[in-house]
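Undergrad: File name data-v2.pdb; file contents PDB, C-alpha atoms and all ligand atoms; full text below.
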```
ATOM      1  CA  MET A   1       0.000   0.000   0.000
ATOM      2  CA  GLY A   2       3.029   2.261  -0.170
ATOM      3  CA  MET A   3       3.321   2.598   3.602
ATOM      4  CA  LYS A   4       6.321   2.027   5.831
ATOM      5  CA  GLY A   5       5.970  -0.471   8.670
ATOM      6  CA  HIS A   6       7.564   0.148  12.061
ATOM      7  CA  VAL A   7       7.405  -2.790  14.439
ATOM      8  CA  ILE A   8       7.132  -1.784  18.082
ATOM      9  CA  VAL A   9       7.392  -4.700  20.472
ATOM     10  CA  GLY A  10       5.811  -3.971  23.820
ATOM     11  CA  THR A  11       5.160  -6.086  26.877
ATOM     12  CA  GLU A  12       1.394  -6.204  26.258
ATOM     13  CA  ARG A  13       1.284  -6.356  22.465
ATOM     14  CA  THR A  14       3.195  -5.885  19.265
ATOM     15  CA  VAL A  15       2.202  -2.844  17.257
ATOM     16  CA  VAL A  16       3.007  -2.331  13.608
ATOM     17  CA  ALA A  17       2.845   1.375  12.911
ATOM     18  CA  ALA A  18       1.960   1.841   9.245
ATOM     19  CA  ILE A  19       3.216   5.282   8.283
ATOM     20  CA  GLY A  20       2.160   6.937   5.060
ATOM     21  CA  GLU A  21      -0.596   8.804   3.293
ATOM     22  CA  LYS A  22      -4.114   7.962   4.446
ATOM     23  CA  ARG A  23      -5.767   5.634   1.916
ATOM     24  CA  ASP A  24      -9.396   4.730   1.406
ATOM     25  CA  GLY A  25     -10.077   1.095   2.189
ATOM     26  CA  ALA A  26      -6.683   0.493   3.842
ATOM     27  CA  ARG A  27      -8.192  -0.023   7.259
ATOM     28  CA  GLU A  28     -10.708  -2.621   6.034
ATOM     29  CA  ALA A  29      -8.071  -4.435   3.984
ATOM     30  CA  LEU A  30      -5.689  -4.667   6.950
ATOM     31  CA  GLU A  31      -8.359  -5.598   9.457
ATOM     32  CA  THR A  32      -9.224  -8.799   7.597
ATOM     33  CA  MET A  33      -5.608  -9.961   7.404
ATOM     34  CA  GLU A  34      -4.458 -12.911   9.453
ATOM     35  CA  GLY A  35      -2.712 -12.011  12.703
ATOM     36  CA  VAL A  36      -4.243  -8.546  12.850
ATOM     37  CA  GLU A  37      -6.190  -7.999  16.034
ATOM     38  CA  GLN A  38      -7.158  -4.390  15.532
ATOM     39  CA  VAL A  39      -6.448  -1.434  13.273
ATOM     40  CA  VAL A  40      -6.322   1.872  15.121
ATOM     41  CA  PRO A  41      -5.862   5.253  13.430
ATOM     42  CA  ILE A  42      -3.195   7.287  15.231
ATOM     43  CA  LEU A  43      -4.470  10.806  15.664
ATOM     44  CA  ALA A  44      -1.233  12.466  16.836
ATOM     45  CA  PRO A  45       0.940  13.906  14.039
ATOM     46  CA  TYR A  46       3.958  12.252  15.693
ATOM     47  CA  LYS A  47       3.130   8.611  15.099
ATOM     48  CA  ILE A  48       6.004   6.573  16.529
ATOM     49  CA  ALA A  49       6.625   8.948  19.448
ATOM     50  CA  SER A  50       2.973   8.766  20.450
ATOM     51  CA  ARG A  51       1.722   6.959  23.552
ATOM     52  CA  GLU A  52      -1.084   5.697  21.331
ATOM     53  CA  VAL A  53       1.263   3.200  19.649
ATOM     54  CA  ARG A  54       3.277   2.379  22.756
ATOM     55  CA  PRO A  55       1.530   2.806  26.097
ATOM     56  CA  GLU A  56       4.538   1.703  28.173
ATOM     57  CA  LYS A  57       7.528   3.967  28.652
ATOM     58  CA  THR A  58      10.713   3.667  26.653
ATOM     59  CA  VAL A  59      13.855   3.187  28.709
ATOM     60  CA  VAL A  60      16.974   4.617  27.087
ATOM     61  CA  ARG A  61      20.188   2.842  28.027
ATOM     62  CA  ALA A  62      23.735   3.949  27.283
ATOM     63  CA  GLY A  63      26.501   2.407  29.375
ATOM     64  CA  SER A  64      26.086   3.628  32.943
ATOM     65  CA  LEU A  65      23.071   5.760  32.027
ATOM     66  CA  GLU A  66      19.492   4.530  32.207
ATOM     67  CA  VAL A  67      16.664   7.044  31.658
ATOM     68  CA  GLY A  68      12.932   6.394  31.622
ATOM     69  CA  GLY A  69      12.623   3.806  34.377
ATOM     70  CA  GLU A  70      11.537   4.249  37.981
ATOM     71  CA  ARG A  71      14.693   6.065  38.913
ATOM     72  CA  VAL A  72      15.624   9.648  38.129
ATOM     73  CA  ALA A  73      18.923   9.886  36.211
ATOM     74  CA  VAL A  74      21.294  12.816  36.564
ATOM     75  CA  ILE A  75      23.716  13.839  33.806
ATOM     76  CA  ALA A  76      26.248  16.426  34.935
ATOM     77  CA  GLY A  77      29.416  18.140  33.792
ATOM     78  CA  PRO A  78      30.769  21.343  32.354
ATOM     79  CA  CYS A  79      29.234  23.288  29.501
ATOM     80  CA  SER A  80      32.497  22.813  27.549
ATOM     81  CA  VAL A  81      35.425  20.477  27.941
ATOM     82  CA  GLU A  82      38.356  22.797  28.684
ATOM     83  CA  THR A  83      41.344  20.889  30.082
ATOM     84  CA  GLU A  84      42.213  17.377  31.218
ATOM     85  CA  GLU A  85      42.330  18.542  34.825
ATOM     86  CA  GLN A  86      38.925  20.241  34.534
ATOM     87  CA  ILE A  87      37.048  17.335  32.949
ATOM     88  CA  LEU A  88      38.626  14.629  35.130
ATOM     89  CA  ALA A  89      38.032  16.558  38.360
ATOM     90  CA  THR A  90      34.424  17.212  37.333
ATOM     91  CA  ALA A  91      33.811  13.609  36.303
ATOM     92  CA  ARG A  92      35.119  12.351  39.663
ATOM     93  CA  ALA A  93      33.079  14.886  41.629
ATOM     94  CA  VAL A  94      29.768  14.329  39.847
ATOM     95  CA  LYS A  95      30.220  10.564  40.032
ATOM     96  CA  ALA A  96      30.875  10.761  43.772
ATOM     97  CA  ALA A  97      27.721  12.841  44.162
ATOM     98  CA  GLY A  98      25.649  10.244  42.289
ATOM     99  CA  ALA A  99      25.484  11.330  38.634
ATOM    100  CA  THR A 100      25.313   8.419  36.173
ATOM    101  CA  ALA A 101      26.561  10.247  33.081
ATOM    102  CA  LEU A 102      29.036  12.981  32.228
ATOM    103  CA  ARG A 103      28.146  15.886  29.953
ATOM    104  CA  GLY A 104      30.593  18.206  28.219
ATOM    105  CA  GLY A 105      30.648  19.991  24.895
ATOM    106  CA  ALA A 106      33.548  19.431  22.513
ATOM    107  CA  PHE A 107      31.832  21.126  19.574
ATOM    108  CA  LYS A 108      30.032  24.210  20.867
ATOM    109  CA  PRO A 109      27.258  26.106  19.100
ATOM    110  CA  ARG A 110      27.993  29.661  20.270
ATOM    111  CA  THR A 111      25.871  32.734  19.717
ATOM    112  CA  SER A 112      28.961  34.695  18.678
ATOM    113  CA  PRO A 113      31.519  33.371  16.174
ATOM    114  CA  TYR A 114      34.221  34.998  18.357
ATOM    115  CA  SER A 115      33.348  32.925  21.445
ATOM    116  CA  PHE A 116      35.196  29.698  22.334
ATOM    117  CA  GLN A 117      33.995  27.037  19.905
ATOM    118  CA  GLY A 118      35.121  23.959  21.830
ATOM    119  CA  LEU A 119      38.240  21.756  21.830
ATOM    120  CA  LYS A 120      36.711  19.650  19.046
ATOM    121  CA  GLU A 121      38.343  16.193  18.660
ATOM    122  CA  LYS A 122      40.732  16.855  21.547
ATOM    123  CA  GLY A 123      37.647  17.441  23.709
ATOM    124  CA  LEU A 124      36.177  14.123  22.621
ATOM    125  CA  GLU A 125      39.433  12.379  23.577
ATOM    126  CA  LEU A 126      39.327  13.966  27.031
ATOM    127  CA  LEU A 127      35.715  12.844  27.495
ATOM    128  CA  ALA A 128      36.731   9.289  26.561
ATOM    129  CA  LEU A 129      39.560   9.493  29.088
ATOM    130  CA  ALA A 130      37.120  10.596  31.806
ATOM    131  CA  ARG A 131      34.802   7.695  30.917
ATOM    132  CA  GLU A 132      37.699   5.259  31.097
ATOM    133  CA  GLU A 133      38.583   6.436  34.576
ATOM    134  CA  THR A 134      35.102   6.818  36.059
ATOM    135  CA  GLY A 135      32.891   4.481  34.020
ATOM    136  CA  LEU A 136      30.469   7.344  33.403
ATOM    137  CA  ALA A 137      28.669   7.364  30.049
ATOM    138  CA  VAL A 138      29.509  10.410  27.931
ATOM    139  CA  VAL A 139      26.887  12.806  26.565
ATOM    140  CA  THR A 140      28.183  15.323  24.032
ATOM    141  CA  GLU A 141      26.795  17.519  21.292
ATOM    142  CA  VAL A 142      27.057  16.978  17.554
ATOM    143  CA  LEU A 143      26.554  20.009  15.315
ATOM    144  CA  SER A 144      26.342  18.695  11.779
ATOM    145  CA  PRO A 145      25.538  15.500   9.851
ATOM    146  CA  GLU A 146      29.184  15.248   8.684
ATOM    147  CA  GLN A 147      30.361  15.210  12.323
ATOM    148  CA  VAL A 148      28.134  12.320  13.371
ATOM    149  CA  PRO A 149      30.601   9.468  12.637
ATOM    150  CA  LEU A 150      33.423  11.196  14.546
ATOM    151  CA  VAL A 151      31.337  12.158  17.589
ATOM    152  CA  ALA A 152      29.627   8.741  17.625
ATOM    153  CA  GLU A 153      33.064   7.113  17.912
ATOM    154  CA  TYR A 154      33.551   8.741  21.329
ATOM    155  CA  ALA A 155      30.083   9.499  22.704
ATOM    156  CA  ASP A 156      27.603   7.184  24.403
ATOM    157  CA  VAL A 157      24.766   9.649  23.791
ATOM    158  CA  LEU A 158      24.624  12.173  20.945
ATOM    159  CA  GLN A 159      23.208  15.518  22.044
ATOM    160  CA  ILE A 160      21.232  17.638  19.604
ATOM    161  CA  GLY A 161      21.251  21.216  20.832
ATOM    162  CA  ALA A 162      18.314  23.599  20.947
ATOM    163  CA  ARG A 163      19.623  25.507  17.931
ATOM    164  CA  ASN A 164      19.628  22.331  15.854
ATOM    165  CA  MET A 165      16.279  20.870  16.885
ATOM    166  CA  GLN A 166      14.886  21.499  13.417
ATOM    167  CA  ASN A 167      18.021  20.568  11.487
ATOM    168  CA  TYR A 168      16.276  17.682   9.799
ATOM    169  CA  LEU A 169      19.351  16.260   8.033
ATOM    170  CA  LEU A 170      21.141  16.130  11.388
ATOM    171  CA  LEU A 171      18.147  14.446  13.033
ATOM    172  CA  GLN A 172      18.143  11.813  10.293
ATOM    173  CA  ALA A 173      21.906  11.333  10.595
ATOM    174  CA  VAL A 174      21.767  10.697  14.355
ATOM    175  CA  GLY A 175      18.778   8.446  13.724
ATOM    176  CA  ASP A 176      20.859   6.410  11.274
ATOM    177  CA  SER A 177      23.819   6.274  13.693
ATOM    178  CA  GLY A 178      21.879   3.948  15.989
ATOM    179  CA  LYS A 179      23.322   5.764  19.034
ATOM    180  CA  PRO A 180      21.069   6.983  21.855
ATOM    181  CA  VAL A 181      20.131  10.631  21.314
ATOM    182  CA  LEU A 182      19.426  13.466  23.745
ATOM    183  CA  LEU A 183      17.190  15.920  21.885
ATOM    184  CA  LYS A 184      16.881  19.405  23.344
ATOM    185  CA  ARG A 185      13.801  21.495  22.719
ATOM    186  CA  GLY A 186      14.389  24.453  20.428
ATOM    187  CA  HIS A 187      13.901  27.657  22.389
ATOM    188  CA  GLY A 188      11.351  28.818  19.836
ATOM    189  CA  ALA A 189       9.689  25.468  19.239
ATOM    190  CA  THR A 190       6.237  24.327  20.307
ATOM    191  CA  VAL A 191       5.787  20.962  22.006
ATOM    192  CA  ASP A 192       4.307  19.506  18.806
ATOM    193  CA  GLU A 193       7.318  20.695  16.797
ATOM    194  CA  PHE A 194       9.564  19.158  19.471
ATOM    195  CA  LEU A 195       7.807  15.804  19.184
ATOM    196  CA  LEU A 196       7.919  15.936  15.386
ATOM    197  CA  ALA A 197      11.671  16.534  15.598
ATOM    198  CA  ALA A 198      11.937  13.378  17.745
ATOM    199  CA  GLU A 199       9.824  11.619  15.133
ATOM    200  CA  TYR A 200      12.549  12.278  12.521
ATOM    201  CA  ILE A 201      14.972  10.228  14.638
ATOM    202  CA  LEU A 202      12.456   7.484  15.436
ATOM    203  CA  ASP A 203      11.496   7.243  11.761
ATOM    204  CA  ARG A 204      15.076   6.123  10.986
ATOM    205  CA  GLY A 205      14.574   3.106  13.220
ATOM    206  CA  ASN A 206      16.290   4.564  16.296
ATOM    207  CA  GLN A 207      14.023   4.317  19.358
ATOM    208  CA  GLN A 208      16.604   5.504  21.882
ATOM    209  CA  VAL A 209      15.601   9.145  22.227
ATOM    210  CA  ILE A 210      15.592  11.278  25.386
ATOM    211  CA  LEU A 211      13.638  14.555  25.262
ATOM    212  CA  CYS A 212      15.036  17.543  27.141
ATOM    213  CA  GLU A 213      13.117  20.656  28.181
ATOM    214  CA  ARG A 214      15.751  23.395  28.360
ATOM    215  CA  GLY A 215      13.632  26.548  28.464
ATOM    216  CA  ILE A 216      12.057  28.759  25.846
ATOM    217  CA  ARG A 217      12.240  32.401  24.783
ATOM    218  CA  THR A 218       9.544  34.621  26.222
ATOM    219  CA  PHE A 219       9.177  38.352  26.921
ATOM    220  CA  GLU A 220      10.770  37.753  30.335
ATOM    221  CA  THR A 221      14.279  39.176  30.737
ATOM    222  CA  HIS A 222      15.047  38.272  34.373
ATOM    223  CA  THR A 223      16.122  34.809  33.382
ATOM    224  CA  ARG A 224      18.042  33.775  30.252
ATOM    225  CA  PHE A 225      15.121  31.548  29.214
ATOM    226  CA  THR A 226      11.768  30.656  30.749
ATOM    227  CA  LEU A 227      11.624  27.083  32.030
ATOM    228  CA  PRO A 228       8.121  25.657  31.558
ATOM    229  CA  LEU A 229       7.883  22.621  33.798
ATOM    230  CA  ALA A 230       4.316  21.727  32.814
ATOM    231  CA  THR A 231       5.971  20.455  29.642
ATOM    232  CA  VAL A 232       7.195  17.462  31.649
ATOM    233  CA  PRO A 233       3.838  15.885  32.609
ATOM    234  CA  TYR A 234       2.307  17.055  29.320
ATOM    235  CA  LEU A 235       4.974  15.296  27.262
ATOM    236  CA  GLN A 236       4.664  12.210  29.430
ATOM    237  CA  GLU A 237       0.957  12.059  28.579
ATOM    238  CA  ARG A 238       1.693  12.324  24.856
ATOM    239  CA  THR A 239       4.818  10.228  24.429
ATOM    240  CA  HIS A 240       6.503   7.117  25.792
ATOM    241  CA  LEU A 241       9.941   8.737  25.448
ATOM    242  CA  PRO A 242      11.754   9.767  28.646
ATOM    243  CA  VAL A 243      11.701  13.477  29.503
ATOM    244  CA  ILE A 244      14.525  15.267  31.295
ATOM    245  CA  VAL A 245      15.034  18.896  32.325
ATOM    246  CA  ASP A 246      18.006  21.253  31.999
ATOM    247  CA  PRO A 247      17.736  23.768  34.868
ATOM    248  CA  SER A 248      21.077  25.354  33.869
ATOM    249  CA  HIS A 249      20.153  26.639  30.401
ATOM    250  CA  GLY A 250      16.531  26.839  31.544
ATOM    251  CA  THR A 251      17.341  29.627  33.991
ATOM    252  CA  GLY A 252      20.768  30.921  32.982
ATOM    253  CA  LYS A 253      21.509  31.701  36.621
ATOM    254  CA  ALA A 254      23.475  29.489  39.013
ATOM    255  CA  SER A 255      21.393  30.437  42.075
ATOM    256  CA  LEU A 256      18.206  29.226  40.353
ATOM    257  CA  VAL A 257      19.562  25.850  39.271
ATOM    258  CA  ARG A 258      19.022  23.920  42.511
ATOM    259  CA  PRO A 259      15.453  25.108  43.138
ATOM    260  CA  MET A 260      14.443  24.349  39.553
ATOM    261  CA  ALA A 261      16.171  20.951  39.645
ATOM    262  CA  ARG A 262      14.058  20.107  42.690
ATOM    263  CA  ALA A 263      10.945  21.386  40.949
ATOM    264  CA  ALA A 264      11.712  19.306  37.847
ATOM    265  CA  VAL A 265      11.979  16.138  39.940
ATOM    266  CA  ALA A 266       8.737  17.059  41.703
ATOM    267  CA  ALA A 267       7.059  17.503  38.306
ATOM    268  CA  GLY A 268       8.019  13.916  37.455
ATOM    269  CA  ALA A 269      11.053  14.410  35.198
ATOM    270  CA  ASP A 270      12.888  11.209  34.303
ATOM    271  CA  GLY A 271      16.189  12.969  34.698
ATOM    272  CA  LEU A 272      18.216  16.162  34.861
ATOM    273  CA  ILE A 273      21.144  17.556  32.904
ATOM    274  CA  VAL A 274      23.140  20.037  34.952
ATOM    275  CA  GLU A 275      26.183  22.209  34.230
ATOM    276  CA  VAL A 276      28.856  21.698  36.882
ATOM    277  CA  HIS A 277      32.327  23.276  36.878
ATOM    278  CA  PRO A 278      35.202  23.145  39.407
ATOM    279  CA  ARG A 279      35.431  26.983  39.314
ATOM    280  CA  PRO A 280      32.342  28.414  37.586
ATOM    281  CA  GLU A 281      33.768  31.945  37.694
ATOM    282  CA  GLU A 282      36.624  30.772  35.438
ATOM    283  CA  ALA A 283      34.548  28.698  32.995
ATOM    284  CA  TRP A 284      35.174  29.245  29.282
ATOM    285  CA  SER A 285      31.419  29.090  28.581
ATOM    286  CA  ASP A 286      28.183  29.383  30.569
ATOM    287  CA  GLY A 287      29.975  29.991  33.919
ATOM    288  CA  TYR A 288      27.125  32.209  35.191
ATOM    289  CA  GLN A 289      24.749  29.237  35.109
ATOM    290  CA  SER A 290      27.211  26.558  36.251
ATOM    291  CA  ILE A 291      27.290  25.308  39.830
ATOM    292  CA  ASN A 292      30.356  24.140  41.745
ATOM    293  CA  PHE A 293      30.956  20.715  43.312
ATOM    294  CA  ASP A 294      29.542  21.642  46.734
ATOM    295  CA  GLN A 295      26.400  23.061  45.195
ATOM    296  CA  PHE A 296      26.021  19.928  43.075
ATOM    297  CA  ASP A 297      26.354  17.699  46.161
ATOM    298  CA  GLN A 298      23.612  19.735  47.746
ATOM    299  CA  LEU A 299      21.446  19.516  44.613
ATOM    300  CA  MET A 300      21.741  15.724  44.600
ATOM    301  CA  ALA A 301      20.842  15.418  48.276
ATOM    302  CA  GLU A 302      17.832  17.702  47.863
ATOM    303  CA  CYS A 303      16.607  15.991  44.685
ATOM    304  CA  ALA A 304      16.903  12.601  46.399
ATOM    305  CA  ARG A 305      14.495  13.822  49.085
ATOM    306  CA  VAL A 306      12.058  15.183  46.521
ATOM    307  CA  ALA A 307      12.252  11.943  44.523
ATOM    308  CA  GLU A 308      11.518   9.965  47.687
ATOM    309  CA  ALA A 309       8.497  12.169  48.399
ATOM    310  CA  ILE A 310       6.942  11.153  45.073
ATOM    311  CA  GLY A 311       7.824   7.475  45.388
ATOM    312  CA  ARG A 312      10.942   7.545  43.219
ATOM    313  CA  SER A 313      14.676   7.582  43.807
ATOM    314  CA  ILE A 314      17.800   8.888  42.122
ATOM    315  CA  ALA A 315      19.539   6.368  39.855
ATOM    316  CA  THR A 316      22.849   4.962  40.974
ATOM    317  CA  LEU A 317      25.607   3.636  38.742
ATOM    318  CA  VAL A 318      24.615   0.514  36.819
ATOM    319  CA  SER A 319      27.310  -1.721  35.381
ATOM    320  CA  GLN A 320      28.479  -0.793  31.918
ATOM    321  CA  THR A 321      27.060  -2.782  29.042
TER     322      THR A 321
HETATM  323  C1  LIG B 401      24.589  22.945  26.125
HETATM  324  O1  LIG B 401      24.036  21.920  26.577
HETATM  325  O2  LIG B 401      25.681  23.363  26.530
HETATM  326  C2  LIG B 401      23.837  23.742  25.123
HETATM  327  C3  LIG B 401      24.475  24.460  24.201
HETATM  328  O3  LIG B 401      22.507  23.673  25.303
HETATM  329  P1  LIG B 401      21.277  24.208  24.411
HETATM  330  O4  LIG B 401      21.418  23.551  23.076
HETATM  331  O5  LIG B 401      20.072  23.757  25.161
HETATM  332  O6  LIG B 401      21.402  25.713  24.346
HETATM  333 MN    MN B 402      26.028  25.413  28.085
END
```
Is it possible to express this structure as structure tokens?
TA:
Amino acid sequence: MGMKGHVIVGTERTVVAAIGEKRDGAREALETMEGVEQVVPILAPYKIASREVRPEKTVVRAGSLEVGGERVAVIAGPCSVETEEQILATARAVKAAGATALRGGAFKPRTSPYSFQGLKEKGLELLALAREETGLAVVTEVLSPEQVPLVAEYADVLQIGARNMQNYLLLQAVGDSGKPVLLKRGHGATVDEFLLAAEYILDRGNQQVILCERGIRTFETHTRFTLPLATVPYLQERTHLPVIVDPSHGTGKASLVRPMARAAVAAGADGLIVEVHPRPEEAWSDGYQSINFDQFDQLMAECARVAEAIGRSIATLVSQT
């Protein structure tokens, strides 16, 4: 019938999502086929991401990181990888505090072309070194389709930044890579556009997608972005994909990171991604929104209490797969 079939194996049932143009008579023709229990039209524009095709949650796994299960996962690290000392010290500190993955940009999408653009491949090597020492899975951003093979060689999770959420060729390339993907919401994107961006990755046969609310642009100028936490339960109603929150970019202010991390856990987020730096005042990027090791320890302790209050807990290191 000219449609593409996506097989989604769940615990309750196997769903074959037939994606394509709506055709007269297709439903009747399929319904009478052997092995077909039911044909259900999917109303959401994002077909594979929709809860309608997969009622149970997707768990994304990448080495030490597991997101989407009972436990809240915390990804932490600097905005940018700067030096060996900086990334190793941060990896050790966030691991000790209970993070299960390390973040750090090697290729940085900066507002100004004159700002630090990242250590590039050297940064990826340093992230791999930190993983080797700590066992933490590495989450790092990829900026273009051509970069995907290189970044995928080092990363456990490929991050798509807010500025690239609608870079469709990049979404398809990370989909084809087969690597788990952390997709950040564009700061000017609606929730439907966000889910359709995820759909581009899922449509390439890659189901390992984590959604990240990182704040949107509004008329408000007190904070760098406005962090809408209702997005978390709303997305969880619409999609089976795990939803995490970035309170660092979401607020743009170090003093607001801990309160909003707690609020995100209270809202039911499946995880957090937090910018942590040994000396935020000396950071080469996003220092004003980065917290230091002591503040991160405090954040973890507070979030553990909030998680407990809603019947969850913070994830601890799982053995590497
Ligand atoms: C980052 O994670 O450092 C980053 C650049 O985030 P965003 O794409 O959300 O701005
Ligand atoms: Mn940053």
Undergrad: Near Gly161 (chain A), counting all atoms listed in the file, which residues have an atom at most 10 Å away, once you skip same-chain residues fewer than 4 positions from it, shown as a PDB file with C-alpha atoms, keeping the file's coordinate frame?
TA:
```pdb
ATOM      1  CA  LYS A 108      30.032  24.210  20.867  1.00  0.00           C
ATOM      2  CA  PRO A 109      27.258  26.106  19.100  1.00  0.00           C
ATOM      3  CA  THR A 140      28.183  15.323  24.032  1.00  0.00           C
ATOM      4  CA  GLU A 141      26.795  17.519  21.292  1.00  0.00           C
ATOM      5  CA  VAL A 142      27.057  16.978  17.554  1.00  0.00           C
ATOM      6  CA  LEU A 143      26.554  20.009  15.315  1.00  0.00           C
ATOM      7  CA  MET A 165      16.279  20.870  16.885  1.00  0.00           C
ATOM      8  CA  GLN A 166      14.886  21.499  13.417  1.00  0.00           C
ATOM      9  CA  ASN A 167      18.021  20.568  11.487  1.00  0.00           C
ATOM     10  CA  LEU A 182      19.426  13.466  23.745  1.00  0.00           C
ATOM     11  CA  LEU A 183      17.190  15.920  21.885  1.00  0.00           C
ATOM     12  CA  LYS A 184      16.881  19.405  23.344  1.00  0.00           C
ATOM     13  CA  ARG A 185      13.801  21.495  22.719  1.00  0.00           C
ATOM     14  CA  GLY A 186      14.389  24.453  20.428  1.00  0.00           C
ATOM     15  CA  HIS A 187      13.901  27.657  22.389  1.00  0.00           C
ATOM     16  CA  CYS A 212      15.036  17.543  27.141  1.00  0.00           C
ATOM     17  CA  ARG A 214      15.751  23.395  28.360  1.00  0.00           C
TER      18      ARG A 214
END
```
Undergrad: From the list A:Val60, A:Ala97, A:Ile75, A:Ala18, which residue is nearest ligand LIG 401 (chain B) when using all atoms listed in the file?
TA: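 That would be A:Ile75, the residue with the smallest distance to ligand LIG 401 (chain B).
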Undergrad: Of the candidates A:Pro180, A:Gly135, A:Gly104, A:Gly20, which one gets nearest to ligand LIG 401 (chain B) if we count all atoms listed in the file?
TA: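 With all atoms listed in the file as the atom set, the closest residue is A:Gly104.
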Undergrad: Pull the closest atom pair for each residue of chain A that gets at most 8 Å from ligand MN 402 (chain B), along with the distance in Å to one decimal, counting only C-alpha atoms and all ligand atoms, ordering rows by chain and then ascending residue number, as CSV.
TA:
```
residue,atom,partner,partner_atom,distance
A:Pro78,CA,B:MN402,MN,7.6
A:Cys79,CA,B:MN402,MN,4.1
A:Ser80,CA,B:MN402,MN,7.0
A:Gly105,CA,B:MN402,MN,7.8
A:Ser248,CA,B:MN402,MN,7.6
A:His249,CA,B:MN402,MN,6.4
A:Glu275,CA,B:MN402,MN,6.9
A:Ser285,CA,B:MN402,MN,6.5
A:Asp286,CA,B:MN402,MN,5.2
```
Undergrad: Skip Thr190 (chain A) itself and residues of its chain fewer than 4 positions away, then list as a PyMOL selection string all residues within 12 Å of it, counting only C-alpha atoms.
TA: chain A and resi 165-166+185-186+194-197+213+215-217+228+231+235
Undergrad: So which residues get picked by the PyMOL selection byres (((chain A and resi 241) around 8) and not hetatm) here, written as number ranges by chain?
TA: A: 49, 57-59, 68, 209-211, 236, 239-240, 242-243
Undergrad: I'd like the interatomic distance between CA of Cys303 (chain A) and CA of Ser50 (chain A), to a tenth of an Å.
TA: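 The value is 28.7 Å.
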Undergrad: Counting all atoms listed in the file, which of A:Asn292, A:Thr251, A:Thr134, A:Thr221 gets nearest to ligand LIG 401 (chain B)?
TA: A:Thr251
Undergrad: List the spatial neighbours of region 85-96 of chain A as a VMD selection string - criterion: any atom at most 7 Å away, only C-alpha atoms, same-chain residues fewer than 3 positions off excluded.
TA: chain A and resid 76 to 77 81 to 82 99 to 100 102 130 134 277 to 278 293
